[in-house]
$ cat my_file_27.csv   # CSV, C-alpha atoms
chain,number,residue,atom,x,y,z
A,1381,MET,CA,0.0,0.0,0.0
A,1382,ASN,CA,1.2,3.5,-0.8
A,1383,TRP,CA,2.5,4.8,2.6
A,1384,PHE,CA,1.2,8.3,1.8
A,1385,ILE,CA,-2.4,6.9,1.4
A,1386,PHE,CA,-2.0,4.7,4.4
A,1387,GLY,CA,-0.9,7.7,6.5
A,1388,TYR,CA,-3.8,9.8,5.2
A,1389,ILE,CA,-6.3,7.1,6.1
A,1390,ILE,CA,-4.9,6.8,9.7
A,1391,SER,CA,-5.0,10.6,10.1
A,1392,LEU,CA,-8.6,10.8,8.8
A,1393,GLY,CA,-9.6,8.0,11.2
A,1394,PHE,CA,-8.0,9.9,14.1
A,1395,ILE,CA,-9.8,13.1,13.1
A,1396,LEU,CA,-13.2,11.4,12.9
A,1397,GLN,CA,-12.6,9.7,16.3
A,1398,VAL,CA,-11.8,13.1,17.9
A,1399,GLN,CA,-14.8,14.7,16.2
A,1400,THR,CA,-17.0,11.9,17.5
A,1401,GLU,CA,-15.7,12.3,21.0
A,1402,GLN,CA,-16.3,16.1,20.8
A,1403,ASP,CA,-19.9,15.5,19.7
A,1404,ILE,CA,-20.7,13.8,23.0
A,1405,ASP,CA,-21.8,16.3,25.6
A,1406,PRO,CA,-20.1,15.5,28.9
A,1407,ASN,CA,-22.9,17.4,30.7
A,1408,GLY,CA,-25.4,14.8,29.5
A,1409,TYR,CA,-28.7,14.9,27.6
A,1410,ILE,CA,-32.4,15.1,28.4
A,1411,ILE,CA,-35.5,14.0,26.5
A,1412,PHE,CA,-39.2,13.9,27.4
A,1413,CYS,CA,-42.5,13.0,25.9
A,1414,LEU,CA,-44.6,15.8,24.5
A,1415,CYS,CA,-47.7,13.8,25.5
A,1416,MET,CA,-50.1,16.3,26.9
A,1417,GLY,CA,-52.9,17.4,24.5
A,1418,ARG,CA,-52.6,18.8,21.1
A,1419,PHE,CA,-50.1,21.2,19.5
A,1420,GLY,CA,-50.9,24.2,21.7
A,1421,ASN,CA,-50.3,22.3,24.9
A,1422,GLN,CA,-47.3,20.6,23.5
A,1423,ALA,CA,-45.7,23.9,22.4
A,1424,GLU,CA,-46.0,25.3,25.9
A,1425,HIS,CA,-44.5,22.2,27.4
A,1426,PHE,CA,-41.7,22.2,24.8
A,1427,LEU,CA,-40.6,25.8,25.6
A,1428,GLY,CA,-40.7,25.0,29.3
A,1429,GLY,CA,-38.6,21.9,28.7
A,1430,LEU,CA,-36.2,23.9,26.5
A,1431,ALA,CA,-35.7,26.3,29.3
A,1432,PHE,CA,-35.2,23.5,31.8
A,1433,SER,CA,-32.6,21.8,29.7
A,1434,LYS,CA,-30.6,25.0,29.7
A,1435,LEU,CA,-31.1,25.5,33.4
A,1436,ILE,CA,-29.5,22.1,34.2
A,1437,ASN,CA,-27.0,22.4,31.4
A,1438,ARG,CA,-27.9,19.2,29.5
A,1439,THR,CA,-28.2,19.0,25.7
A,1440,LEU,CA,-31.9,18.8,24.8
A,1441,ILE,CA,-32.8,15.8,22.6
A,1442,VAL,CA,-35.5,17.6,20.7
A,1443,PRO,CA,-38.6,15.4,21.0
A,1444,PRO,CA,-41.0,15.0,18.0
A,1445,TRP,CA,-44.4,16.5,18.0
A,1446,ARG,CA,-47.2,14.1,18.7
A,1447,THR,CA,-50.2,13.7,16.4
A,1448,TYR,CA,-51.4,10.2,15.5
A,1449,LYS,CA,-47.7,9.6,15.0
A,1450,ASN,CA,-44.4,11.2,15.8
A,1451,ILE,CA,-43.7,14.3,13.7
A,1452,PRO,CA,-40.0,15.3,13.7
A,1453,TYR,CA,-39.5,18.8,15.1
A,1454,SER,CA,-37.8,19.9,11.9
A,1455,GLU,CA,-40.8,19.2,9.7
A,1456,TRP,CA,-42.5,22.2,11.3
A,1457,PHE,CA,-39.7,24.3,12.7
A,1458,GLN,CA,-36.0,24.9,12.2
A,1459,ILE,CA,-33.7,23.0,14.6
A,1460,GLU,CA,-30.8,25.3,13.9
A,1461,SER,CA,-32.7,28.3,15.3
A,1462,LEU,CA,-32.9,26.6,18.7
A,1463,ARG,CA,-29.1,26.5,18.9
A,1464,SER,CA,-29.0,30.3,19.3
A,1465,TYR,CA,-30.4,29.6,22.8
A,1466,HIS,CA,-29.0,26.2,23.9
A,1467,ARG,CA,-27.4,23.0,22.7
A,1468,VAL,CA,-29.9,20.7,21.0
A,1469,ILE,CA,-29.9,17.5,18.8
A,1470,ASP,CA,-32.8,16.1,16.9
A,1471,ALA,CA,-34.2,12.9,18.5
A,1472,GLU,CA,-33.8,10.8,15.4
A,1473,ASP,CA,-30.3,12.0,14.9
A,1474,PHE,CA,-29.4,11.2,18.6
A,1475,MET,CA,-31.0,7.7,18.5
A,1476,GLN,CA,-29.1,6.8,15.3
A,1477,ASN,CA,-25.7,8.3,15.9
A,1478,LEU,CA,-25.1,8.7,19.7
A,1479,ALA,CA,-27.5,6.4,21.6
A,1480,PRO,CA,-25.7,3.2,20.6
A,1481,ARG,CA,-22.6,4.4,22.3
A,1482,ILE,CA,-23.8,6.5,25.3
A,1483,TRP,CA,-27.3,5.1,25.8
A,1484,PRO,CA,-27.4,1.5,24.7
A,1485,PRO,CA,-30.6,-0.5,25.2
A,1486,GLU,CA,-29.3,-2.3,28.3
A,1487,SER,CA,-28.8,1.1,30.2
A,1488,ARG,CA,-32.0,2.9,29.4
A,1489,ILE,CA,-33.8,4.1,32.5
A,1490,GLY,CA,-37.0,6.1,32.5
A,1491,PHE,CA,-37.9,8.8,35.2
A,1492,CYS,CA,-41.2,9.9,36.5
A,1493,TRP,CA,-42.2,12.6,39.0
A,1494,LEU,CA,-44.1,10.8,41.7
A,1495,SER,CA,-44.8,11.8,45.3
A,1496,ALA,CA,-42.6,10.1,47.9
A,1497,ASP,CA,-45.5,7.9,49.2
A,1498,ARG,CA,-46.1,6.3,45.9
A,1499,PRO,CA,-44.2,3.1,44.8
A,1500,LYS,CA,-41.7,3.1,41.9
A,1501,SER,CA,-43.9,0.5,40.2
A,1502,GLU,CA,-46.3,3.3,39.3
A,1503,CYS,CA,-43.7,4.8,37.0
A,1504,GLN,CA,-44.9,3.3,33.8
A,1505,MET,CA,-43.1,5.1,31.0
A,1506,LYS,CA,-45.0,3.5,28.1
A,1507,GLU,CA,-48.4,2.9,29.7
A,1508,GLY,CA,-51.3,4.4,27.8
A,1509,ASN,CA,-51.6,6.6,24.7
A,1510,PRO,CA,-49.6,8.4,23.5
A,1511,PHE,CA,-46.7,7.4,25.8
A,1512,GLY,CA,-46.2,3.9,24.4
A,1513,ALA,CA,-46.4,5.0,20.8
A,1514,PHE,CA,-44.1,8.0,21.4
A,1515,TRP,CA,-41.2,5.8,22.7
A,1516,ASN,CA,-41.9,2.9,20.4
A,1517,GLU,CA,-41.6,5.1,17.3
A,1518,LEU,CA,-38.2,6.2,18.7
A,1519,ASN,CA,-37.3,2.5,19.2
A,1520,VAL,CA,-36.8,3.1,23.0
A,1521,SER,CA,-37.6,0.5,25.7
A,1522,PHE,CA,-36.6,0.8,29.3
A,1523,ILE,CA,-35.0,-1.8,31.5
A,1524,ASP,CA,-35.9,0.1,34.7
A,1525,THR,CA,-37.6,3.2,36.0
A,1526,ASP,CA,-36.9,5.6,38.9
A,1527,THR,CA,-38.8,8.5,40.5
A,1528,TYR,CA,-38.0,12.0,41.7
A,1529,GLN,CA,-39.7,14.7,43.7
A,1530,LEU,CA,-37.7,17.7,42.4
A,1531,SER,CA,-39.0,20.9,41.0
A,1532,TYR,CA,-38.1,22.4,37.6
A,1533,ASP,CA,-36.9,25.8,38.9
A,1534,LYS,CA,-33.5,27.4,39.4
A,1535,TYR,CA,-33.6,26.6,43.1
A,1536,SER,CA,-33.4,22.8,42.4
A,1537,ILE,CA,-30.4,22.8,40.0
A,1538,ASN,CA,-27.9,21.5,42.5
A,1539,GLU,CA,-30.3,18.7,43.6
A,1540,TRP,CA,-30.7,17.6,40.0
A,1541,HIS,CA,-27.0,17.5,39.5
A,1542,ASP,CA,-26.4,15.6,42.8
A,1543,LEU,CA,-29.2,13.1,42.2
A,1544,PHE,CA,-28.6,12.5,38.5
A,1545,PRO,CA,-24.9,13.1,37.7
A,1546,ALA,CA,-24.1,13.0,34.0
A,1547,ASP,CA,-21.4,10.4,34.3
A,1548,ARG,CA,-23.8,8.0,35.8
A,1549,TYR,CA,-27.0,9.1,34.0
A,1550,PRO,CA,-25.8,10.4,30.5
A,1551,VAL,CA,-29.5,10.6,29.4
A,1552,LEU,CA,-32.4,11.7,31.5
A,1553,ALA,CA,-35.6,10.3,29.8
A,1554,LEU,CA,-38.6,11.9,31.5
A,1555,LYS,CA,-42.1,10.5,31.1
A,1556,GLY,CA,-43.5,14.0,30.8
A,1557,ALA,CA,-42.2,17.5,30.1
A,1558,PRO,CA,-40.3,19.2,32.9
A,1559,ALA,CA,-42.6,22.2,32.6
A,1560,SER,CA,-45.8,23.7,33.9
A,1561,PHE,CA,-49.1,24.3,32.2
A,1562,PRO,CA,-50.0,27.0,31.7
A,1563,MET,CA,-46.5,28.0,30.8
A,1564,LEU,CA,-44.5,30.4,32.9
A,1565,PRO,CA,-44.6,34.0,31.6
A,1566,GLU,CA,-40.8,34.1,31.5
A,1567,HIS,CA,-40.7,31.3,28.9
A,1568,ARG,CA,-43.0,33.0,26.4
A,1569,PRO,CA,-40.1,35.0,24.8
A,1570,LEU,CA,-38.4,31.7,23.9
A,1571,GLN,CA,-40.8,31.6,21.0
A,1572,LYS,CA,-38.3,33.7,19.1
A,1573,TYR,CA,-36.2,30.6,18.7
A,1574,MET,CA,-39.0,28.7,17.0
A,1575,ASP,CA,-38.6,29.6,13.4
A,1576,TRP,CA,-41.0,28.0,10.9
A,1577,SER,CA,-39.6,25.4,8.5
A,1578,GLU,CA,-39.2,26.1,4.8
A,1579,GLN,CA,-41.9,23.6,4.1
A,1580,ILE,CA,-44.5,25.3,6.4
A,1581,MET,CA,-43.6,28.8,5.0
A,1582,ASN,CA,-44.0,27.6,1.4
A,1583,GLU,CA,-47.5,26.3,2.3
A,1584,VAL,CA,-48.4,29.6,4.0
A,1585,GLN,CA,-47.3,31.7,1.1
A,1586,GLN,CA,-49.2,29.4,-1.3
A,1587,HIS,CA,-52.4,29.7,0.7
A,1588,GLN,CA,-52.1,33.5,1.1
A,1589,LYS,CA,-51.9,33.8,-2.7
A,1590,THR,CA,-54.7,31.3,-3.4
A,1591,LEU,CA,-57.1,32.5,-0.8
A,1592,PHE,CA,-56.4,36.3,-0.7
A,1593,ASN,CA,-54.2,37.1,-3.7
A,1594,ASN,CA,-51.5,38.2,-1.2
A,1595,GLU,CA,-53.8,40.9,0.1
A,1596,PRO,CA,-54.0,41.7,3.9
A,1597,TYR,CA,-56.2,39.5,6.0
A,1598,ILE,CA,-57.5,39.2,9.6
A,1599,GLY,CA,-57.1,35.8,11.2
A,1600,ILE,CA,-59.6,34.6,13.8
A,1601,HIS,CA,-59.7,31.6,16.0
A,1602,LEU,CA,-63.1,30.2,17.0
A,1603,ARG,CA,-62.9,27.5,19.7
A,1604,ASN,CA,-66.5,26.3,19.7
A,1605,ASP,CA,-66.7,22.5,19.8
A,1606,VAL,CA,-68.8,20.8,22.4
A,1607,ASP,CA,-65.8,19.9,24.6
A,1608,TRP,CA,-65.0,23.6,24.9
A,1609,LEU,CA,-68.6,24.4,25.7
A,1610,ARG,CA,-68.4,22.0,28.6
A,1611,ALA,CA,-64.9,23.3,29.7
A,1612,CYS,CA,-66.3,26.9,29.9
A,1613,ALA,CA,-69.7,26.1,31.4
A,1614,ASP,CA,-68.8,26.7,35.1
A,1615,VAL,CA,-65.7,28.9,34.6
A,1616,GLU,CA,-67.2,31.9,36.4
A,1617,SER,CA,-67.8,30.0,39.6
A,1618,LEU,CA,-64.0,29.5,39.8
A,1619,LYS,CA,-63.4,33.2,40.0
A,1620,THR,CA,-59.9,32.7,38.6
A,1621,ARG,CA,-57.5,34.6,36.4
A,1622,SER,CA,-55.6,31.4,35.6
A,1623,TYR,CA,-57.7,28.9,33.7
A,1624,MET,CA,-55.8,26.9,31.1
A,1625,ALA,CA,-54.0,29.4,28.9
A,1626,SER,CA,-55.8,32.5,30.2
A,1627,PRO,CA,-52.6,34.0,31.8
A,1628,GLN,CA,-51.7,35.2,28.3
A,1629,CYS,CA,-54.4,37.8,28.8
A,1630,PHE,CA,-54.5,38.3,32.5
A,1631,ASP,CA,-50.7,38.8,32.9
A,1632,GLN,CA,-51.0,42.0,30.9
A,1633,SER,CA,-50.6,45.0,33.2
A,1634,SER,CA,-53.4,46.8,31.4
A,1635,SER,CA,-56.0,44.0,32.2
A,1636,THR,CA,-59.1,45.4,33.9
A,1637,HIS,CA,-60.9,42.1,34.1
A,1638,ALA,CA,-61.2,40.5,37.5
A,1639,TYR,CA,-61.4,36.9,36.4
A,1640,VAL,CA,-62.1,34.6,33.4
A,1641,THR,CA,-65.8,35.0,32.4
A,1642,HIS,CA,-67.9,32.8,30.2
A,1643,LYS,CA,-67.8,35.6,27.6
A,1644,ILE,CA,-64.0,35.3,27.5
A,1645,CYS,CA,-64.0,31.5,27.5
A,1646,TYR,CA,-66.9,30.8,25.1
A,1647,PRO,CA,-67.9,34.1,23.4
A,1648,SER,CA,-71.3,34.4,21.9
A,1649,ASP,CA,-71.9,35.0,18.2
A,1650,ASP,CA,-72.8,38.6,19.0
A,1651,GLU,CA,-69.5,39.1,20.7
A,1652,ILE,CA,-67.7,37.6,17.7
A,1653,PHE,CA,-69.6,39.9,15.4
A,1654,ARG,CA,-68.9,43.0,17.6
A,1655,LEU,CA,-65.2,42.6,18.0
A,1656,LEU,CA,-64.6,41.5,14.4
A,1657,LYS,CA,-66.6,44.4,13.0
A,1658,ASN,CA,-64.6,46.8,15.2
A,1659,ILE,CA,-61.3,45.4,13.8
A,1660,VAL,CA,-62.5,45.5,10.2
A,1661,LEU,CA,-63.5,49.1,10.5
A,1662,ARG,CA,-60.3,50.0,12.3
A,1663,THR,CA,-58.0,48.3,9.9
A,1664,ARG,CA,-60.0,48.5,6.7
A,1665,ILE,CA,-59.1,44.9,6.0
A,1666,HIS,CA,-61.9,42.9,4.4
A,1667,ASN,CA,-60.4,39.4,4.1
A,1668,ILE,CA,-61.1,37.1,7.0
A,1669,TYR,CA,-59.3,33.8,7.7
A,1670,VAL,CA,-61.1,31.4,10.1
A,1671,ALA,CA,-59.4,28.6,12.1
A,1672,THR,CA,-61.8,26.5,14.2
A,1673,ASP,CA,-62.3,23.1,15.7
A,1674,LYS,CA,-66.0,23.0,14.8
A,1675,ARG,CA,-68.1,25.9,13.4
A,1676,PRO,CA,-66.4,28.4,11.0
A,1677,MET,CA,-69.4,30.7,10.9
A,1678,ILE,CA,-68.6,31.7,7.3
A,1679,LYS,CA,-72.2,32.5,6.3
A,1680,GLU,CA,-73.1,34.2,9.6
A,1681,ILE,CA,-70.0,36.5,9.5
A,1682,GLU,CA,-70.5,37.4,5.8
A,1683,GLU,CA,-74.2,38.3,6.4
A,1684,HIS,CA,-73.6,40.3,9.6
A,1685,LEU,CA,-70.7,42.2,8.0
A,1686,ALA,CA,-72.3,42.5,4.6
A,1687,ALA,CA,-72.0,46.3,4.7
A,1688,GLN,CA,-68.2,45.9,5.2
A,1689,ARG,CA,-68.1,43.5,2.2
A,1690,VAL,CA,-66.0,41.0,4.0
A,1691,GLN,CA,-64.7,37.8,2.3
A,1692,VAL,CA,-64.4,34.8,4.7
A,1693,LYS,CA,-62.2,31.8,4.0
A,1694,HIS,CA,-61.8,28.6,6.0
A,1695,LEU,CA,-59.0,26.2,5.0
A,1696,ASP,CA,-59.7,23.3,7.4
A,1697,PRO,CA,-56.2,21.8,7.0
A,1698,TRP,CA,-55.5,18.2,7.9
A,1699,LEU,CA,-52.8,19.4,10.3
A,1700,PRO,CA,-53.9,22.2,12.7
A,1701,VAL,CA,-50.4,23.6,12.8
A,1702,MET,CA,-51.0,25.1,9.3
A,1703,ASP,CA,-53.9,27.1,10.8
A,1704,ILE,CA,-51.5,28.3,13.5
A,1705,ALA,CA,-49.0,29.4,10.8
A,1706,MET,CA,-51.7,31.2,8.8
A,1707,LEU,CA,-52.9,33.0,11.9
A,1708,ALA,CA,-49.4,33.9,12.9
A,1709,HIS,CA,-48.8,35.6,9.6
A,1710,ALA,CA,-52.1,37.5,9.5
A,1711,ASN,CA,-52.1,41.3,9.5
A,1712,TYR,CA,-54.4,41.2,12.6
A,1713,PHE,CA,-55.5,38.4,14.8
A,1714,ILE,CA,-58.4,37.7,17.2
A,1715,GLY,CA,-58.2,34.7,19.5
A,1716,ASN,CA,-59.5,33.0,22.6
A,1717,CYS,CA,-57.8,33.9,25.9
A,1718,VAL,CA,-58.2,30.5,27.4
A,1719,SER,CA,-56.9,28.4,24.4
A,1720,SER,CA,-53.3,27.2,24.1
A,1721,PHE,CA,-53.9,27.1,20.4
A,1722,THR,CA,-54.4,30.9,20.5
A,1723,SER,CA,-51.4,31.3,22.8
A,1724,ALA,CA,-49.2,29.6,20.2
A,1725,VAL,CA,-50.4,32.1,17.6
A,1726,LYS,CA,-50.0,35.0,20.0
A,1727,ARG,CA,-46.4,34.2,21.0
A,1728,ALA,CA,-45.4,33.8,17.3
A,1729,ARG,CA,-47.0,37.2,16.5
A,1730,ASP,CA,-45.4,38.9,19.5
A,1731,VAL,CA,-42.0,38.0,18.2
A,1732,HIS,CA,-42.7,40.3,15.2
A,1733,ASN,CA,-44.8,42.9,17.1
A,1734,LEU,CA,-48.0,42.0,15.2
A,1735,PRO,CA,-51.3,43.2,16.6
A,1736,SER,CA,-53.7,40.7,18.4
A,1737,ALA,CA,-56.9,40.9,20.3
A,1738,PHE,CA,-59.1,38.5,22.3
A,1739,TRP,CA,-62.9,37.7,22.3
A,1740,GLY,CA,-64.7,39.1,25.4
A,1741,PHE,CA,-61.5,40.8,26.5
A,1742,SER,CA,-60.6,43.4,23.9
A,1743,GLU,CA,-62.6,46.5,22.8

$ encode --input "my_file_27.csv" --output "structure tokens"
Amino acid sequence: MNWFIFGYIISLGFILQVQTEQDIDPNGYIIFCLCMGRFGNQAEHFLGGLAFSKLINRTLIVPPWRTYKNIPYSEWFQIESLRSYHRVIDAEDFMQNLAPRIWPPESRIGFCWLSADRPKSECQMKEGNPFGAFWNELNVSFIDTDTYQLSYDKYSINEWHDLFPADRYPVLALKGAPASFPMLPEHRPLQKYMDWSEQIMNEVQQHQKTLFNNEPYIGIHLRNDVDWLRACADVESLKTRSYMASPQCFDQSSSTHAYVTHKICYPSDDEIFRLLKNIVLRTRIHNIYVATDKRPMIKEIEEHLAAQRVQVKHLDPWLPVMDIAMLAHANYFIGNCVSSFTSAVKRARDVHNLPSAFWGFSE
């Protein structure tokens, strides 16, 4: 063999070995299942989990979104943007390239938050839907489980490091997200690191052209399915400012509302007509985009606002994330204070200082 070529191969092998070793984070990794609710809830948990991974200084193994199957994060958002905030690696990338060496099947332990009086046997990482499917689609099984009673705040950092040192536990696989719901106010600005993927943006631009010929439009979110009607039925008896995602409204210093009302949670048709008409008159925008889980009210809105000559469109996409993207890029947005779907839209708009309003809350 030519000694020059032989030397080159040896050198290349050494470089690749060094590079591989550098790719392994000595501070460890963390992954969790985004298994609570639909996209709005998952997004709030994701941002909380992202903040926690930075807090304990472990690389975040970015979990897939959960629909009827796992959706890689990068299908909807850019992984690279997250790196401006903290160290991350895509879950599929990790499982294929790093897990065989630092998290082999015989060492995989799952962790659950459980109160101290409950047995470890209750920590069932894959019990129920979507937990089982989430881990199965990542080809992860656990040989054992363990529990913890730690919080996810800055006061618990040392306890996390002491209880789960990275040299003994290179990967922390948590059953649920290390985050609160509703999300903490200080985590909302992290939305700026969630940039839409090229695929999503191409679809948004296509729909904007097809539906509105690239003219301005007002996006509205109508949460009006029967499950929401039930969820809002007794809300006033709670006399609370924190009901599901409502802190997005009530954390505002300008809020004059004492607590979440039925009008805020499940606005009447008249309230929808009132606020929408005000926004149409104020902005002189006559195109309306409706995202809803049940009733789009196209005919009702067009009849009630006939004098304003509005045009109402409803896409009803297979994936609701497309509705969120369309609303996030509207010239004006009206949403539901209590809905985490709305909160995902509102955070995305706040990044770009785009105007938003809320049913039963805004004038």

$ closest_residue --input "my_file_27.csv" --among "A:Val1584, A:Ala1638, A:Leu1661, A:Ala1546" --to "Leu1685 (chain A)" --atoms "all atoms listed in the file"
A:Leu1661

$ residues_near_point --input "my_file_27.csv" --point "(-43.9, 24.6, 24.1)" --cutoff "10 Å" --atoms "all atoms listed in the file" --output "ChimeraX atom specification"
/A:1414,1419-1431,1557,1559,1561,1563,1567-1568,1570-1571,1574,1720,1724

$ atom_distance --input "my_file_27.csv" --atom1 "CA of Pro1569 (chain A)" --atom2 "CA of Arg1729 (chain A)"
11.0 Å

$ closest_residue --input "my_file_27.csv" --among "A:Ala1705, A:Leu1609, A:Ile1600, A:Cys1717" --to "Ser1626 (chain A)" --atoms "all atoms listed in the file"
A:Cys1717

$ atom_distance --input "my_file_27.csv" --atom1 "CA of Asn1604 (chain A)" --atom2 "CA of Tyr1646 (chain A)"
7.0 Å

$ residues_around --input "my_file_27.csv" --residues "Ile1436 (chain A)" --least-positions-apart "4" --cutoff "9 Å" --atoms "all atoms listed in the file" --output "PyMOL selection string"
chain A and resi 1407+1431-1432+1534+1537-1538+1540-1541

$ write_last_selection --input "my_file_27.csv" --atoms "C-alpha atoms" --output "short mmCIF file (atom, residue, chain, number, x, y, z; two decimals), in the frame of the given file"
data_model
loop_
_atom_site.label_atom_id
_atom_site.label_comp_id
_atom_site.auth_asym_id
_atom_site.auth_seq_id
_atom_site.Cartn_x
_atom_site.Cartn_y
_atom_site.Cartn_z
CA ASN A 1407 -22.90 17.40 30.70
CA ALA A 1431 -35.70 26.30 29.30
CA PHE A 1432 -35.20 23.50 31.80
CA LYS A 1534 -33.50 27.40 39.40
CA ILE A 1537 -30.40 22.80 40.00
CA ASN A 1538 -27.90 21.50 42.50
CA TRP A 1540 -30.70 17.60 40.00
CA HIS A 1541 -27.00 17.50 39.50
#

$ closest_residue --input "my_file_27.csv" --among "A:Val1718, A:Pro1550, A:Ser1560, A:Thr1672" --to "Ser1622 (chain A)" --atoms "only C-alpha atoms"
A:Val1718

$ atom_distance --input "my_file_27.csv" --atom1 "CA of Gln1579 (chain A)" --atom2 "CA of Ile1451 (chain A)"
13.5 Å

$ decode --input "my_file_27.csv" --residues "region 1463-1512 of chain A" --atoms "C-alpha atoms" --output "mmCIF file, in the first residue's frame"
data_model
loop_
_atom_site.group_PDB
_atom_site.id
_atom_site.type_symbol
_atom_site.label_atom_id
_atom_site.label_comp_id
_atom_site.auth_asym_id
_atom_site.auth_seq_id
_atom_site.Cartn_x
_atom_site.Cartn_y
_atom_site.Cartn_z
ATOM 1 C CA ARG A 1463 -29.081 26.487 18.866
ATOM 2 C CA SER A 1464 -29.017 30.251 19.296
ATOM 3 C CA TYR A 1465 -30.445 29.581 22.760
ATOM 4 C CA HIS A 1466 -29.024 26.222 23.857
ATOM 5 C CA ARG A 1467 -27.417 22.969 22.736
ATOM 6 C CA VAL A 1468 -29.885 20.677 20.966
ATOM 7 C CA ILE A 1469 -29.904 17.538 18.847
ATOM 8 C CA ASP A 1470 -32.800 16.059 16.913
ATOM 9 C CA ALA A 1471 -34.215 12.907 18.539
ATOM 10 C CA GLU A 1472 -33.821 10.751 15.432
ATOM 11 C CA ASP A 1473 -30.259 11.994 14.939
ATOM 12 C CA PHE A 1474 -29.438 11.180 18.556
ATOM 13 C CA MET A 1475 -30.958 7.704 18.453
ATOM 14 C CA GLN A 1476 -29.131 6.806 15.266
ATOM 15 C CA ASN A 1477 -25.695 8.311 15.912
ATOM 16 C CA LEU A 1478 -25.140 8.746 19.657
ATOM 17 C CA ALA A 1479 -27.502 6.442 21.551
ATOM 18 C CA PRO A 1480 -25.710 3.207 20.554
ATOM 19 C CA ARG A 1481 -22.566 4.443 22.337
ATOM 20 C CA ILE A 1482 -23.776 6.486 25.309
ATOM 21 C CA TRP A 1483 -27.322 5.142 25.842
ATOM 22 C CA PRO A 1484 -27.373 1.509 24.723
ATOM 23 C CA PRO A 1485 -30.568 -0.511 25.223
ATOM 24 C CA GLU A 1486 -29.250 -2.253 28.340
ATOM 25 C CA SER A 1487 -28.777 1.054 30.193
ATOM 26 C CA ARG A 1488 -32.032 2.887 29.435
ATOM 27 C CA ILE A 1489 -33.848 4.057 32.549
ATOM 28 C CA GLY A 1490 -37.032 6.134 32.540
ATOM 29 C CA PHE A 1491 -37.853 8.752 35.165
ATOM 30 C CA CYS A 1492 -41.207 9.879 36.544
ATOM 31 C CA TRP A 1493 -42.231 12.562 38.976
ATOM 32 C CA LEU A 1494 -44.113 10.770 41.748
ATOM 33 C CA SER A 1495 -44.846 11.806 45.313
ATOM 34 C CA ALA A 1496 -42.638 10.077 47.880
ATOM 35 C CA ASP A 1497 -45.496 7.950 49.223
ATOM 36 C CA ARG A 1498 -46.119 6.252 45.862
ATOM 37 C CA PRO A 1499 -44.186 3.112 44.806
ATOM 38 C CA LYS A 1500 -41.712 3.089 41.938
ATOM 39 C CA SER A 1501 -43.895 0.489 40.221
ATOM 40 C CA GLU A 1502 -46.338 3.287 39.330
ATOM 41 C CA CYS A 1503 -43.717 4.819 37.043
ATOM 42 C CA GLN A 1504 -44.909 3.269 33.795
ATOM 43 C CA MET A 1505 -43.080 5.106 31.015
ATOM 44 C CA LYS A 1506 -44.969 3.493 28.144
ATOM 45 C CA GLU A 1507 -48.374 2.901 29.683
ATOM 46 C CA GLY A 1508 -51.259 4.439 27.771
ATOM 47 C CA ASN A 1509 -51.571 6.555 24.664
ATOM 48 C CA PRO A 1510 -49.575 8.420 23.451
ATOM 49 C CA PHE A 1511 -46.713 7.423 25.785
ATOM 50 C CA GLY A 1512 -46.243 3.927 24.411
#
